[in-house]
file coords-v6.cif (mmCIF, C-alpha atoms (C1' of nucleotides))
data_input
loop_
_atom_site.label_atom_id
_atom_site.label_comp_id
_atom_site.auth_asym_id
_atom_site.auth_seq_id
_atom_site.Cartn_x
_atom_site.Cartn_y
_atom_site.Cartn_z
CA MET A 1 51.50 86.02 -105.34
CA ALA A 2 52.84 84.55 -102.16
CA ALA A 3 50.84 81.36 -102.38
CA SER A 4 53.08 79.72 -104.93
CA ASN A 5 56.39 80.54 -103.27
CA ALA A 6 58.89 77.75 -103.21
CA LEU A 7 58.63 75.76 -100.02
CA ASN A 8 62.08 76.64 -98.78
CA THR A 9 61.59 80.39 -98.92
CA ARG A 10 58.34 79.91 -97.04
CA PHE A 11 59.95 77.91 -94.30
CA ASP A 12 62.34 80.79 -93.68
CA GLU A 13 59.45 83.21 -93.49
CA TRP A 14 57.73 81.02 -90.92
CA ARG A 15 60.84 80.67 -88.86
CA ASP A 16 61.51 84.40 -88.96
CA ARG A 17 58.05 84.96 -87.55
CA GLY A 18 59.02 82.71 -84.68
CA PHE A 19 56.74 79.92 -85.80
CA ASP A 20 53.89 81.52 -83.94
CA ALA A 21 51.25 78.84 -84.16
CA ASN A 22 48.51 81.45 -84.35
CA ALA A 23 50.11 83.12 -87.34
CA CYS A 24 51.32 80.03 -89.16
CA PRO A 25 48.73 78.49 -91.47
CA VAL A 26 50.60 75.23 -91.63
CA ARG A 27 50.70 74.59 -87.94
CA ASN A 28 47.33 76.12 -87.42
CA VAL A 29 45.41 74.51 -90.23
CA LEU A 30 47.31 71.35 -91.03
CA ASP A 31 47.41 70.26 -87.42
CA ARG A 32 43.69 69.85 -87.71
CA ILE A 33 43.56 68.46 -91.25
CA GLY A 34 46.23 66.00 -90.29
CA ASP A 35 44.78 64.56 -87.16
CA LYS A 36 43.73 60.97 -86.93
CA TRP A 37 40.08 61.35 -87.89
CA THR A 38 39.58 64.62 -89.75
CA THR A 39 40.60 63.41 -93.20
CA LEU A 40 38.47 60.32 -92.87
CA ILE A 41 35.43 62.38 -91.85
CA LEU A 42 35.94 64.86 -94.66
CA VAL A 43 36.20 62.10 -97.23
CA ALA A 44 33.15 60.39 -95.77
CA LEU A 45 31.18 63.62 -96.07
CA ALA A 46 32.52 64.18 -99.57
CA ALA A 47 30.55 61.13 -100.62
CA LYS A 48 27.30 62.45 -99.18
CA PRO A 49 25.88 64.46 -96.29
CA CYS A 50 25.65 62.22 -93.30
CA ARG A 51 24.03 61.96 -89.90
CA PHE A 52 25.88 61.40 -86.67
CA SER A 53 25.00 57.77 -86.25
CA GLN A 54 25.60 57.05 -89.90
CA LEU A 55 29.07 58.57 -89.66
CA HIS A 56 29.72 56.51 -86.59
CA ARG A 57 28.78 53.38 -88.48
CA ASN A 58 30.87 54.38 -91.49
CA VAL A 59 33.96 55.00 -89.41
CA PRO A 60 33.62 52.10 -87.06
CA ASP A 61 36.59 52.52 -84.79
CA ILE A 62 36.12 56.13 -83.77
CA SER A 63 34.66 56.73 -80.34
CA LYS A 64 31.57 58.88 -80.02
CA ARG A 65 33.55 61.33 -78.02
CA MET A 66 36.18 61.80 -80.73
CA LEU A 67 33.53 61.90 -83.44
CA THR A 68 31.72 64.68 -81.61
CA GLN A 69 34.93 66.56 -81.05
CA THR A 70 36.16 66.18 -84.63
CA LEU A 71 32.82 67.35 -85.97
CA ARG A 72 32.79 70.33 -83.61
CA ASP A 73 36.28 71.34 -84.67
CA LEU A 74 35.41 71.04 -88.35
CA GLN A 75 32.28 73.06 -87.77
CA ARG A 76 34.22 75.70 -85.88
CA ASP A 77 36.70 75.95 -88.75
CA GLY A 78 33.81 76.31 -91.18
CA LEU A 79 34.59 73.17 -93.17
CA ILE A 80 31.30 71.50 -92.38
CA THR A 81 27.84 72.68 -91.41
CA ARG A 82 25.48 71.15 -88.92
CA HIS A 83 21.79 70.91 -89.69
CA VAL A 84 19.25 69.93 -87.07
CA PHE A 85 15.99 68.45 -88.33
CA PRO A 86 13.16 68.61 -85.79
CA THR A 87 12.02 65.06 -86.32
CA LYS A 88 10.65 63.10 -83.39
CA PRO A 89 14.06 61.91 -82.31
CA PRO A 90 15.86 64.96 -83.70
CA SER A 91 18.24 64.08 -86.45
CA VAL A 92 21.41 65.99 -87.17
CA GLU A 93 23.03 66.07 -90.54
CA TYR A 94 26.55 67.16 -91.33
CA ARG A 95 27.55 68.52 -94.72
CA LEU A 96 30.68 69.86 -96.33
CA SER A 97 30.61 73.63 -96.67
CA PRO A 98 32.03 75.25 -99.80
CA LEU A 99 35.24 75.79 -97.83
CA GLY A 100 35.26 72.12 -96.94
CA GLN A 101 34.69 71.23 -100.58
CA SER A 102 37.65 73.38 -101.52
CA ALA A 103 39.85 71.26 -99.27
CA LEU A 104 39.06 68.09 -101.18
CA ALA A 105 41.29 68.85 -104.17
CA PRO A 106 44.54 69.29 -102.23
CA LEU A 107 43.52 66.42 -99.99
CA ALA A 108 43.00 64.20 -103.01
CA GLY A 109 46.49 65.11 -104.15
CA LEU A 110 47.89 63.87 -100.91
CA ILE A 111 45.76 60.74 -101.00
CA ASP A 112 46.95 60.01 -104.51
CA TRP A 113 50.52 60.37 -103.33
CA ALA A 114 49.83 58.09 -100.38
CA GLU A 115 48.36 55.39 -102.59
CA GLN A 116 51.15 55.63 -105.12
CA SER A 117 53.86 55.61 -102.46
CA PHE A 118 52.34 53.03 -100.17
CA ALA A 119 54.23 50.08 -101.60
CA ALA A 120 57.56 51.89 -101.46
CA ILE A 121 56.91 52.98 -97.89
CA GLN A 122 55.98 49.50 -96.79
CA ALA A 123 59.11 48.12 -98.42
CA SER A 124 61.21 50.73 -96.67
CA ARG A 125 59.63 49.91 -93.33
CA ALA A 126 60.22 46.20 -93.78
CA GLN A 127 63.85 46.83 -94.59
CA PHE A 128 64.26 49.17 -91.63
CA ASP A 129 62.59 46.75 -89.26
CA ALA A 130 64.75 43.92 -90.51
CA GLY A 131 67.52 45.80 -88.76
CA ASP A 132 69.06 47.10 -91.93
CA THR A 133 71.96 48.90 -90.34
CA SER A 134 73.36 49.97 -93.67
CA GLU A 135 74.10 53.31 -92.06
CA HIS A 136 74.99 55.89 -94.59
CA LEU A 137 78.55 56.44 -93.48
CA SER A 138 80.17 59.15 -95.47
CA ALA A 139 83.71 60.39 -95.60
CA ALA A 140 84.44 63.45 -93.56
CA MET B 1 44.20 54.05 -113.13
CA ALA B 2 42.79 53.75 -109.68
CA ALA B 3 44.83 56.61 -108.33
CA SER B 4 42.54 59.26 -109.73
CA ASN B 5 39.28 57.74 -108.56
CA ALA B 6 36.75 60.13 -107.17
CA LEU B 7 37.08 60.44 -103.43
CA ASN B 8 33.67 59.06 -102.64
CA THR B 9 34.15 55.81 -104.51
CA ARG B 10 37.42 55.38 -102.70
CA PHE B 11 35.91 55.88 -99.31
CA ASP B 12 33.53 53.04 -100.00
CA GLU B 13 36.42 50.84 -101.03
CA TRP B 14 38.21 51.59 -97.79
CA ARG B 15 35.17 50.92 -95.71
CA ASP B 16 34.50 47.67 -97.51
CA ARG B 17 38.00 46.56 -96.61
CA GLY B 18 37.10 47.18 -93.00
CA PHE B 19 39.35 50.24 -92.75
CA ASP B 20 42.23 47.98 -91.90
CA ALA B 21 44.89 50.48 -90.93
CA ASN B 22 47.59 48.25 -92.37
CA ALA B 23 45.88 48.13 -95.73
CA CYS B 24 44.65 51.70 -95.92
CA PRO B 25 47.17 54.15 -97.35
CA VAL B 26 45.32 57.11 -95.95
CA ARG B 27 45.31 55.98 -92.37
CA ASN B 28 48.70 54.41 -92.69
CA VAL B 29 50.55 57.14 -94.50
CA LEU B 30 48.66 60.30 -93.71
CA ASP B 31 48.67 59.62 -90.01
CA ARG B 32 52.38 60.13 -90.18
CA ILE B 33 52.41 62.98 -92.69
CA GLY B 34 49.81 64.73 -90.64
CA ASP B 35 51.34 64.57 -87.24
CA LYS B 36 52.42 67.65 -85.42
CA TRP B 37 56.04 67.78 -86.54
CA THR B 38 56.45 65.74 -89.71
CA THR B 39 55.36 68.39 -92.19
CA LEU B 40 57.53 70.99 -90.54
CA ILE B 41 60.57 68.71 -90.66
CA LEU B 42 59.96 67.78 -94.29
CA VAL B 43 59.66 71.41 -95.30
CA ALA B 44 62.77 72.28 -93.31
CA LEU B 45 64.69 69.55 -95.11
CA ALA B 46 63.25 70.64 -98.44
CA ALA B 47 65.23 73.85 -98.05
CA LYS B 48 68.52 72.04 -97.45
CA PRO B 49 69.97 68.92 -95.83
CA CYS B 50 70.30 69.55 -92.17
CA ARG B 51 72.04 68.23 -89.08
CA PHE B 52 70.25 67.23 -85.92
CA SER B 53 71.18 70.31 -83.90
CA GLN B 54 70.47 72.61 -86.80
CA LEU B 55 66.99 71.13 -87.17
CA HIS B 56 66.45 71.55 -83.47
CA ARG B 57 67.36 75.21 -83.75
CA ASN B 58 65.16 75.68 -86.82
CA VAL B 59 62.14 74.17 -85.14
CA PRO B 60 62.57 75.68 -81.74
CA ASP B 61 59.67 74.21 -79.83
CA ILE B 62 60.18 70.56 -80.60
CA SER B 63 61.75 68.45 -77.87
CA LYS B 64 64.82 66.40 -78.69
CA ARG B 65 62.82 63.31 -77.95
CA MET B 66 60.14 64.13 -80.51
CA LEU B 67 62.71 65.31 -83.03
CA THR B 68 64.53 61.99 -82.73
CA GLN B 69 61.32 60.06 -82.99
CA THR B 70 59.99 62.02 -85.97
CA LEU B 71 63.29 61.60 -87.81
CA ARG B 72 63.36 57.87 -87.07
CA ASP B 73 59.84 57.45 -88.36
CA LEU B 74 60.61 59.40 -91.52
CA GLN B 75 63.74 57.35 -92.02
CA ARG B 76 61.84 54.14 -91.49
CA ASP B 77 59.28 55.20 -94.08
CA GLY B 78 62.09 56.02 -96.49
CA LEU B 79 61.29 59.71 -96.80
CA ILE B 80 64.61 60.86 -95.42
CA THR B 81 68.10 59.38 -95.21
CA ARG B 82 70.53 59.60 -92.36
CA HIS B 83 74.21 60.19 -93.04
CA VAL B 84 76.82 59.87 -90.32
CA PHE B 85 80.06 61.76 -90.86
CA PRO B 86 82.95 60.43 -88.76
CA THR B 87 84.12 63.81 -87.61
CA LYS B 88 85.56 64.15 -84.12
CA PRO B 89 82.19 64.78 -82.54
CA PRO B 90 80.32 62.72 -85.14
CA SER B 91 77.91 64.76 -87.16
CA VAL B 92 74.68 63.40 -88.58
CA GLU B 93 72.99 64.86 -91.56
CA TYR B 94 69.41 64.25 -92.65
CA ARG B 95 68.31 64.59 -96.27
CA LEU B 96 65.13 64.11 -98.21
CA SER B 97 65.16 60.92 -100.23
CA PRO B 98 63.64 60.90 -103.73
CA LEU B 99 60.50 59.52 -102.11
CA GLY B 100 60.53 62.39 -99.63
CA GLN B 101 61.02 64.85 -102.49
CA SER B 102 58.01 63.35 -104.23
CA ALA B 103 55.88 64.20 -101.21
CA LEU B 104 56.66 67.90 -101.48
CA ALA B 105 54.35 68.59 -104.42
CA PRO B 106 51.12 67.29 -102.80
CA LEU B 107 52.24 68.80 -99.53
CA ALA B 108 52.70 72.17 -101.22
CA GLY B 109 49.15 71.85 -102.56
CA LEU B 110 47.84 71.47 -99.06
CA ILE B 111 50.01 74.30 -97.77
CA ASP B 112 48.71 76.57 -100.53
CA TRP B 113 45.19 75.66 -99.54
CA ALA B 114 45.96 76.35 -95.91
CA GLU B 115 47.39 79.77 -96.67
CA GLN B 116 44.53 80.70 -98.96
CA SER B 117 41.90 79.48 -96.52
CA PHE B 118 43.49 80.71 -93.34
CA ALA B 119 41.58 83.99 -93.21
CA ALA B 120 38.24 82.28 -93.83
CA ILE B 121 38.97 79.70 -91.18
CA GLN B 122 39.94 82.29 -88.62
CA ALA B 123 36.79 84.23 -89.37
CA SER B 124 34.71 81.10 -88.94
CA ARG B 125 36.37 80.34 -85.64
CA ALA B 126 35.79 83.83 -84.35
CA GLN B 127 32.12 83.61 -85.27
CA PHE B 128 31.79 80.17 -83.69
CA ASP B 129 33.54 81.24 -80.51
CA ALA B 130 31.36 84.31 -80.28
CA GLY B 131 28.62 81.82 -79.50
CA ASP B 132 27.01 82.09 -82.89
CA THR B 133 24.14 79.75 -82.24
CA SER B 134 22.66 80.30 -85.67
CA GLU B 135 21.94 76.62 -85.72
CA HIS B 136 20.99 75.45 -89.13
CA LEU B 137 17.48 74.44 -88.30
CA SER B 138 15.76 72.91 -91.24
CA ALA B 139 12.22 71.87 -91.82
CA ALA B 140 11.52 68.22 -91.38
"C1'" DG C 1 2.69 48.33 -70.44
"C1'" DA C 2 7.51 46.77 -70.01
"C1'" DT C 3 11.48 45.77 -73.40
"C1'" DG C 4 14.43 47.07 -76.41
"C1'" DA C 5 16.10 50.01 -80.11
"C1'" DT C 6 17.44 54.56 -82.14
"C1'" DT C 7 18.24 59.46 -81.89
"C1'" DG C 8 22.68 62.58 -80.65
"C1'" DG C 9 25.25 63.15 -77.71
"C1'" DT C 10 27.92 63.71 -72.45
"C1'" DC C 11 30.79 61.96 -68.68
"C1'" DT C 12 34.21 59.33 -66.32
"C1'" DA C 13 37.98 56.29 -65.78
"C1'" DT C 14 41.94 54.40 -67.86
"C1'" DA C 15 45.50 53.88 -71.42
"C1'" DA C 16 48.56 55.88 -74.66
"C1'" DT C 17 51.18 59.71 -76.09
"C1'" DA C 18 53.76 64.11 -75.92
"C1'" DG C 19 56.75 67.29 -73.61
"C1'" DA C 20 60.35 69.08 -70.28
"C1'" DG C 21 64.52 68.54 -69.05
"C1'" DA C 22 68.38 65.82 -66.79
"C1'" DC C 23 72.00 63.06 -68.35
"C1'" DC C 24 75.96 60.86 -71.24
"C1'" DA C 25 80.60 60.36 -73.69
"C1'" DT C 26 83.76 62.64 -76.68
"C1'" DC C 27 86.40 66.22 -78.24
"C1'" DA C 28 87.81 71.41 -78.90
"C1'" DT C 29 88.35 75.70 -76.99
"C1'" DT C 30 89.51 79.00 -73.28
"C1'" DA D 1 89.30 72.40 -65.35
"C1'" DA D 2 85.28 74.47 -66.97
"C1'" DT D 3 82.29 75.44 -71.21
"C1'" DG D 4 80.15 74.27 -75.18
"C1'" DA D 5 78.91 71.54 -79.10
"C1'" DT D 6 78.16 66.93 -81.09
"C1'" DG D 7 73.60 63.43 -81.22
"C1'" DG D 8 71.24 61.44 -78.84
"C1'" DT D 9 68.66 58.45 -74.49
"C1'" DC D 10 65.94 58.22 -70.22
"C1'" DT D 11 62.66 59.33 -66.81
"C1'" DC D 12 58.84 61.81 -65.00
"C1'" DT D 13 54.87 64.31 -65.63
"C1'" DA D 14 51.09 66.47 -68.26
"C1'" DT D 15 48.12 66.14 -71.93
"C1'" DT D 16 45.23 63.60 -75.00
"C1'" DA D 17 42.65 59.58 -76.77
"C1'" DT D 18 39.79 55.61 -76.11
"C1'" DA D 19 36.35 52.56 -74.19
"C1'" DG D 20 32.24 52.34 -72.59
"C1'" DA D 21 28.47 53.57 -69.24
"C1'" DC D 22 24.84 56.68 -69.20
"C1'" DC D 23 20.74 59.90 -70.56
"C1'" DA D 24 16.06 61.79 -72.11
"C1'" DA D 25 12.79 61.23 -75.70
"C1'" DT D 26 10.17 58.62 -78.83
"C1'" DC D 27 8.84 54.60 -81.31
"C1'" DA D 28 7.75 49.58 -82.35
"C1'" DT D 29 7.29 45.05 -80.40
"C1'" DC D 30 5.42 41.53 -77.51
#
call {"tool": "encode", "arguments": {"input": "coords-v6.cif", "output": "structure tokens"}}
result
Amino acid sequence: MAASNALNTRFDEWRDRGFDANACPVRNVLDRIGDKWTTLILVALAAKPCRFSQLHRNVPDISKRMLTQTLRDLQRDGLITRHVFPTKPPSVEYRLSPLGQSALAPLAGLIDWAEQSFAAIQASRAQFDAGDTSEHLSAA
Amino acid sequence: MAASNALNTRFDEWRDRGFDANACPVRNVLDRIGDKWTTLILVALAAKPCRFSQLHRNVPDISKRMLTQTLRDLQRDGLITRHVFPTKPPSVEYRLSPLGQSALAPLAGLIDWAEQSFAAIQASRAQFDAGDTSEHLSAA
DNA sequence: GATGATTGGTCTATAATAGAGACCATCATT
DNA sequence: AATGATGGTCTCTATTATAGACCAATCATC
């Protein structure tokens, strides 16, 4: 099955297809997964279904505009569903779809890696910013 | 160990810390992993160490400016190393560091998910774009 | 019965970011 | 002496994100 190819053979496949963004799942799908807010929203909804205002309170520094847009994109991709309840001021609830749920496992893998690597990354940044010009000069 | 917490308990932890971007591995680390070019560069380097021009040829639609910047950021985070060979026109080779290598496994998980889910996502998009206003109206 | 608050957004104006492509010095080839 | 490759930087413009005002409806408060 192609899904468990080694990464390097896959890269060659992508390149040979000209990296067409429409045909490349990585560029097509991960561009969205990877944007500034998507992961945060998905993880927030993993905890529990949530209404617009509640999400906005949970993720305090997102603008309404970006929250709307992120939710629309996730809905378009089928990762979340939007449910309108005809209450007096209508309330709108967002939920993870099964497809969205299926994204949580690989996402958790990446989050685990991020947490485990955070210290090392911060150390590396500090060293780099301290002007560590220990350039890796190698013999010709 | 905290690393395998359920996602929802973790989200609450993050929120309780005020989502400080400096303290939150997800926002801090995944923002970089998730940007437009980083994953592509990492996967390209997973195949083999690569020189600047070679990378630029492999990823045809990145500008030199963004390639430079992405490589600098990855170097700063310690995911790749930069090796200067004092050849006549100096050549510069980029390689995955052990830390960068360690990112490949979780990244591959996400890539697998993307490939497996791509068809479903495209179908969902098509339906959404076809103006499928089957709003999920629910009883109050 | 006006005041403010909450609902789920939209709209505009500005700030930050990405991209295109010119440019640079050095050396080898033609 | 012109061409191309090396690994970049720099500037200018186009795209994108953010902040925050605004909106209609409905409710509770004073």
call {"tool": "interface_residues", "arguments": {"input": "coords-v6.cif", "of": "chain D", "to": "chain B", "cutoff": "8 Å", "atoms": "all atoms listed in the file", "output": "number ranges by chain"}}
result
D: 6-8
call {"tool": "calpha_fit_and_write", "arguments": {"input": "coords-v6.cif", "fixed": "chain B", "moving": "chain A", "output": "tab-separated table (two decimals) with C-alpha atoms, in the frame of the given file"}}
result
chain	number	residue	atom	x	y	z
A	1	MET	CA	44.00	53.78	-113.08
A	2	ALA	CA	42.75	53.62	-109.54
A	3	ALA	CA	44.77	56.57	-108.33
A	4	SER	CA	42.47	59.19	-109.78
A	5	ASN	CA	39.20	57.68	-108.60
A	6	ALA	CA	36.72	60.11	-107.20
A	7	LEU	CA	37.08	60.42	-103.46
A	8	ASN	CA	33.66	59.05	-102.67
A	9	THR	CA	34.12	55.78	-104.53
A	10	ARG	CA	37.42	55.37	-102.72
A	11	PHE	CA	35.89	55.88	-99.33
A	12	ASP	CA	33.50	53.02	-100.04
A	13	GLU	CA	36.38	50.80	-101.05
A	14	TRP	CA	38.18	51.58	-97.81
A	15	ARG	CA	35.13	50.93	-95.74
A	16	ASP	CA	34.43	47.65	-97.52
A	17	ARG	CA	37.92	46.53	-96.62
A	18	GLY	CA	37.04	47.21	-93.01
A	19	PHE	CA	39.31	50.21	-92.78
A	20	ASP	CA	42.19	47.96	-91.94
A	21	ALA	CA	44.85	50.45	-90.98
A	22	ASN	CA	47.56	48.24	-92.41
A	23	ALA	CA	45.87	48.12	-95.79
A	24	CYS	CA	44.64	51.69	-95.96
A	25	PRO	CA	47.18	54.13	-97.37
A	26	VAL	CA	45.33	57.09	-95.97
A	27	ARG	CA	45.33	55.97	-92.40
A	28	ASN	CA	48.70	54.39	-92.73
A	29	VAL	CA	50.56	57.12	-94.53
A	30	LEU	CA	48.66	60.28	-93.75
A	31	ASP	CA	48.66	59.60	-90.04
A	32	ARG	CA	52.37	60.12	-90.20
A	33	ILE	CA	52.42	62.98	-92.71
A	34	GLY	CA	49.79	64.71	-90.66
A	35	ASP	CA	51.33	64.56	-87.26
A	36	LYS	CA	52.41	67.65	-85.44
A	37	TRP	CA	56.03	67.77	-86.56
A	38	THR	CA	56.46	65.72	-89.72
A	39	THR	CA	55.36	68.38	-92.21
A	40	LEU	CA	57.52	70.98	-90.55
A	41	ILE	CA	60.57	68.70	-90.67
A	42	LEU	CA	59.97	67.78	-94.29
A	43	VAL	CA	59.66	71.41	-95.30
A	44	ALA	CA	62.76	72.28	-93.30
A	45	LEU	CA	64.70	69.56	-95.10
A	46	ALA	CA	63.27	70.66	-98.43
A	47	ALA	CA	65.23	73.86	-98.01
A	48	LYS	CA	68.51	72.05	-97.43
A	49	PRO	CA	69.99	68.95	-95.82
A	50	CYS	CA	70.31	69.57	-92.14
A	51	ARG	CA	72.02	68.25	-89.04
A	52	PHE	CA	70.26	67.26	-85.87
A	53	SER	CA	71.17	70.29	-83.85
A	54	GLN	CA	70.48	72.60	-86.75
A	55	LEU	CA	67.01	71.12	-87.14
A	56	HIS	CA	66.45	71.54	-83.46
A	57	ARG	CA	67.36	75.19	-83.72
A	58	ASN	CA	65.19	75.67	-86.80
A	59	VAL	CA	62.15	74.15	-85.16
A	60	PRO	CA	62.57	75.65	-81.75
A	61	ASP	CA	59.66	74.22	-79.85
A	62	ILE	CA	60.13	70.55	-80.61
A	63	SER	CA	61.68	68.45	-77.88
A	64	LYS	CA	64.76	66.41	-78.66
A	65	ARG	CA	62.81	63.30	-77.95
A	66	MET	CA	60.11	64.11	-80.51
A	67	LEU	CA	62.69	65.28	-83.03
A	68	THR	CA	64.53	61.99	-82.73
A	69	GLN	CA	61.32	60.04	-83.01
A	70	THR	CA	60.00	62.01	-85.98
A	71	LEU	CA	63.30	61.61	-87.79
A	72	ARG	CA	63.37	57.88	-87.07
A	73	ASP	CA	59.85	57.44	-88.38
A	74	LEU	CA	60.62	59.40	-91.53
A	75	GLN	CA	63.75	57.36	-92.03
A	76	ARG	CA	61.85	54.14	-91.51
A	77	ASP	CA	59.29	55.21	-94.11
A	78	GLY	CA	62.11	56.03	-96.51
A	79	LEU	CA	61.30	59.72	-96.81
A	80	ILE	CA	64.62	60.87	-95.43
A	81	THR	CA	68.10	59.39	-95.20
A	82	ARG	CA	70.53	59.63	-92.35
A	83	HIS	CA	74.20	60.21	-93.02
A	84	VAL	CA	76.82	59.90	-90.31
A	85	PHE	CA	80.05	61.81	-90.83
A	86	PRO	CA	82.95	60.52	-88.72
A	87	THR	CA	84.10	63.93	-87.60
A	88	LYS	CA	85.56	64.33	-84.13
A	89	PRO	CA	82.18	64.87	-82.54
A	90	PRO	CA	80.33	62.79	-85.12
A	91	SER	CA	77.88	64.82	-87.10
A	92	VAL	CA	74.68	63.43	-88.53
A	93	GLU	CA	72.97	64.90	-91.52
A	94	TYR	CA	69.43	64.27	-92.63
A	95	ARG	CA	68.33	64.61	-96.24
A	96	LEU	CA	65.15	64.14	-98.20
A	97	SER	CA	65.19	60.94	-100.24
A	98	PRO	CA	63.68	60.93	-103.72
A	99	LEU	CA	60.52	59.53	-102.14
A	100	GLY	CA	60.54	62.38	-99.66
A	101	GLN	CA	61.02	64.85	-102.50
A	102	SER	CA	58.03	63.35	-104.25
A	103	ALA	CA	55.90	64.19	-101.22
A	104	LEU	CA	56.66	67.89	-101.48
A	105	ALA	CA	54.35	68.57	-104.43
A	106	PRO	CA	51.15	67.27	-102.82
A	107	LEU	CA	52.24	68.80	-99.54
A	108	ALA	CA	52.70	72.16	-101.22
A	109	GLY	CA	49.18	71.85	-102.56
A	110	LEU	CA	47.87	71.46	-99.08
A	111	ILE	CA	50.02	74.29	-97.78
A	112	ASP	CA	48.74	76.54	-100.53
A	113	TRP	CA	45.20	75.66	-99.55
A	114	ALA	CA	45.98	76.34	-95.91
A	115	GLU	CA	47.41	79.76	-96.67
A	116	GLN	CA	44.56	80.69	-98.95
A	117	SER	CA	41.92	79.47	-96.51
A	118	PHE	CA	43.51	80.72	-93.33
A	119	ALA	CA	41.61	83.99	-93.20
A	120	ALA	CA	38.27	82.30	-93.82
A	121	ILE	CA	39.00	79.70	-91.17
A	122	GLN	CA	39.98	82.29	-88.62
A	123	ALA	CA	36.82	84.24	-89.35
A	124	SER	CA	34.75	81.11	-88.94
A	125	ARG	CA	36.42	80.32	-85.64
A	126	ALA	CA	35.85	83.82	-84.32
A	127	GLN	CA	32.19	83.61	-85.23
A	128	PHE	CA	31.84	80.17	-83.67
A	129	ASP	CA	33.59	81.24	-80.49
A	130	ALA	CA	31.42	84.32	-80.25
A	131	GLY	CA	28.68	81.83	-79.49
A	132	ASP	CA	27.05	82.12	-82.86
A	133	THR	CA	24.18	79.77	-82.20
A	134	SER	CA	22.69	80.34	-85.61
A	135	GLU	CA	21.97	76.63	-85.69
A	136	HIS	CA	21.00	75.49	-89.10
A	137	LEU	CA	17.46	74.47	-88.27
A	138	SER	CA	15.77	72.96	-91.24
A	139	ALA	CA	12.22	71.90	-91.83
A	140	ALA	CA	11.53	68.24	-91.40
call {"tool": "resolve_selection", "arguments": {"input": "coords-v6.cif", "expression": "the PyMOL selection byres ((chain C) within 12 of (chain A))", "output": "ChimeraX atom specification"}}
result
/C:6-12
call {"tool": "interface_residues", "arguments": {"input": "coords-v6.cif", "of": "chain B", "to": "chain A", "cutoff": "7 Å", "atoms": "all atoms listed in the file", "output": "PyMOL selection string"}}
result
chain B and resi 3-4+7-8+11+15+25-26+29+31+34-36+43-44+46-47+58+76-78+82-87+103+106-107+109-115+118+121+124-125+128+135-140
call {"tool": "atom_distance", "arguments": {"input": "coords-v6.cif", "atom1": "CA of Ile80 in chain A", "atom2": "CA of Leu96 in chain A"}}
result
4.3 Å
call {"tool": "resolve_selection", "arguments": {"input": "coords-v6.cif", "expression": "the PyMOL selection byres ((chain D and resi 9-13) around 9)", "output": "list in words"}}
result
Arg65 of chain B; DG19, DA20, DA22, DC23 and DC24 of chain C; DG8 and DA14 of chain D
call {"tool": "write_last_selection", "arguments": {"input": "coords-v6.cif", "atoms": "C-alpha atoms (C1' of nucleotides)", "output": "mmCIF file, keeping the file's coordinate frame"}}
result
data_model
loop_
_atom_site.group_PDB
_atom_site.id
_atom_site.type_symbol
_atom_site.label_atom_id
_atom_site.label_comp_id
_atom_site.auth_asym_id
_atom_site.auth_seq_id
_atom_site.Cartn_x
_atom_site.Cartn_y
_atom_site.Cartn_z
ATOM 1 C CA ARG B 65 62.820 63.310 -77.950
ATOM 2 C "C1'" DG C 19 56.750 67.290 -73.610
ATOM 3 C "C1'" DA C 20 60.350 69.080 -70.280
ATOM 4 C "C1'" DA C 22 68.380 65.820 -66.790
ATOM 5 C "C1'" DC C 23 72.000 63.060 -68.350
ATOM 6 C "C1'" DC C 24 75.960 60.860 -71.240
ATOM 7 C "C1'" DG D 8 71.240 61.440 -78.840
ATOM 8 C "C1'" DA D 14 51.090 66.470 -68.260
#
call {"tool": "atom_distance", "arguments": {"input": "coords-v6.cif", "atom1": "CA of Ser63 in chain B", "atom2": "CA of Glu13 in chain A"}}
result
21.6 Å
call {"tool": "atom_distance", "arguments": {"input": "coords-v6.cif", "atom1": "CA of Pro49 in chain A", "atom2": "C1' of DT16 in chain D"}}
result
28.8 Å
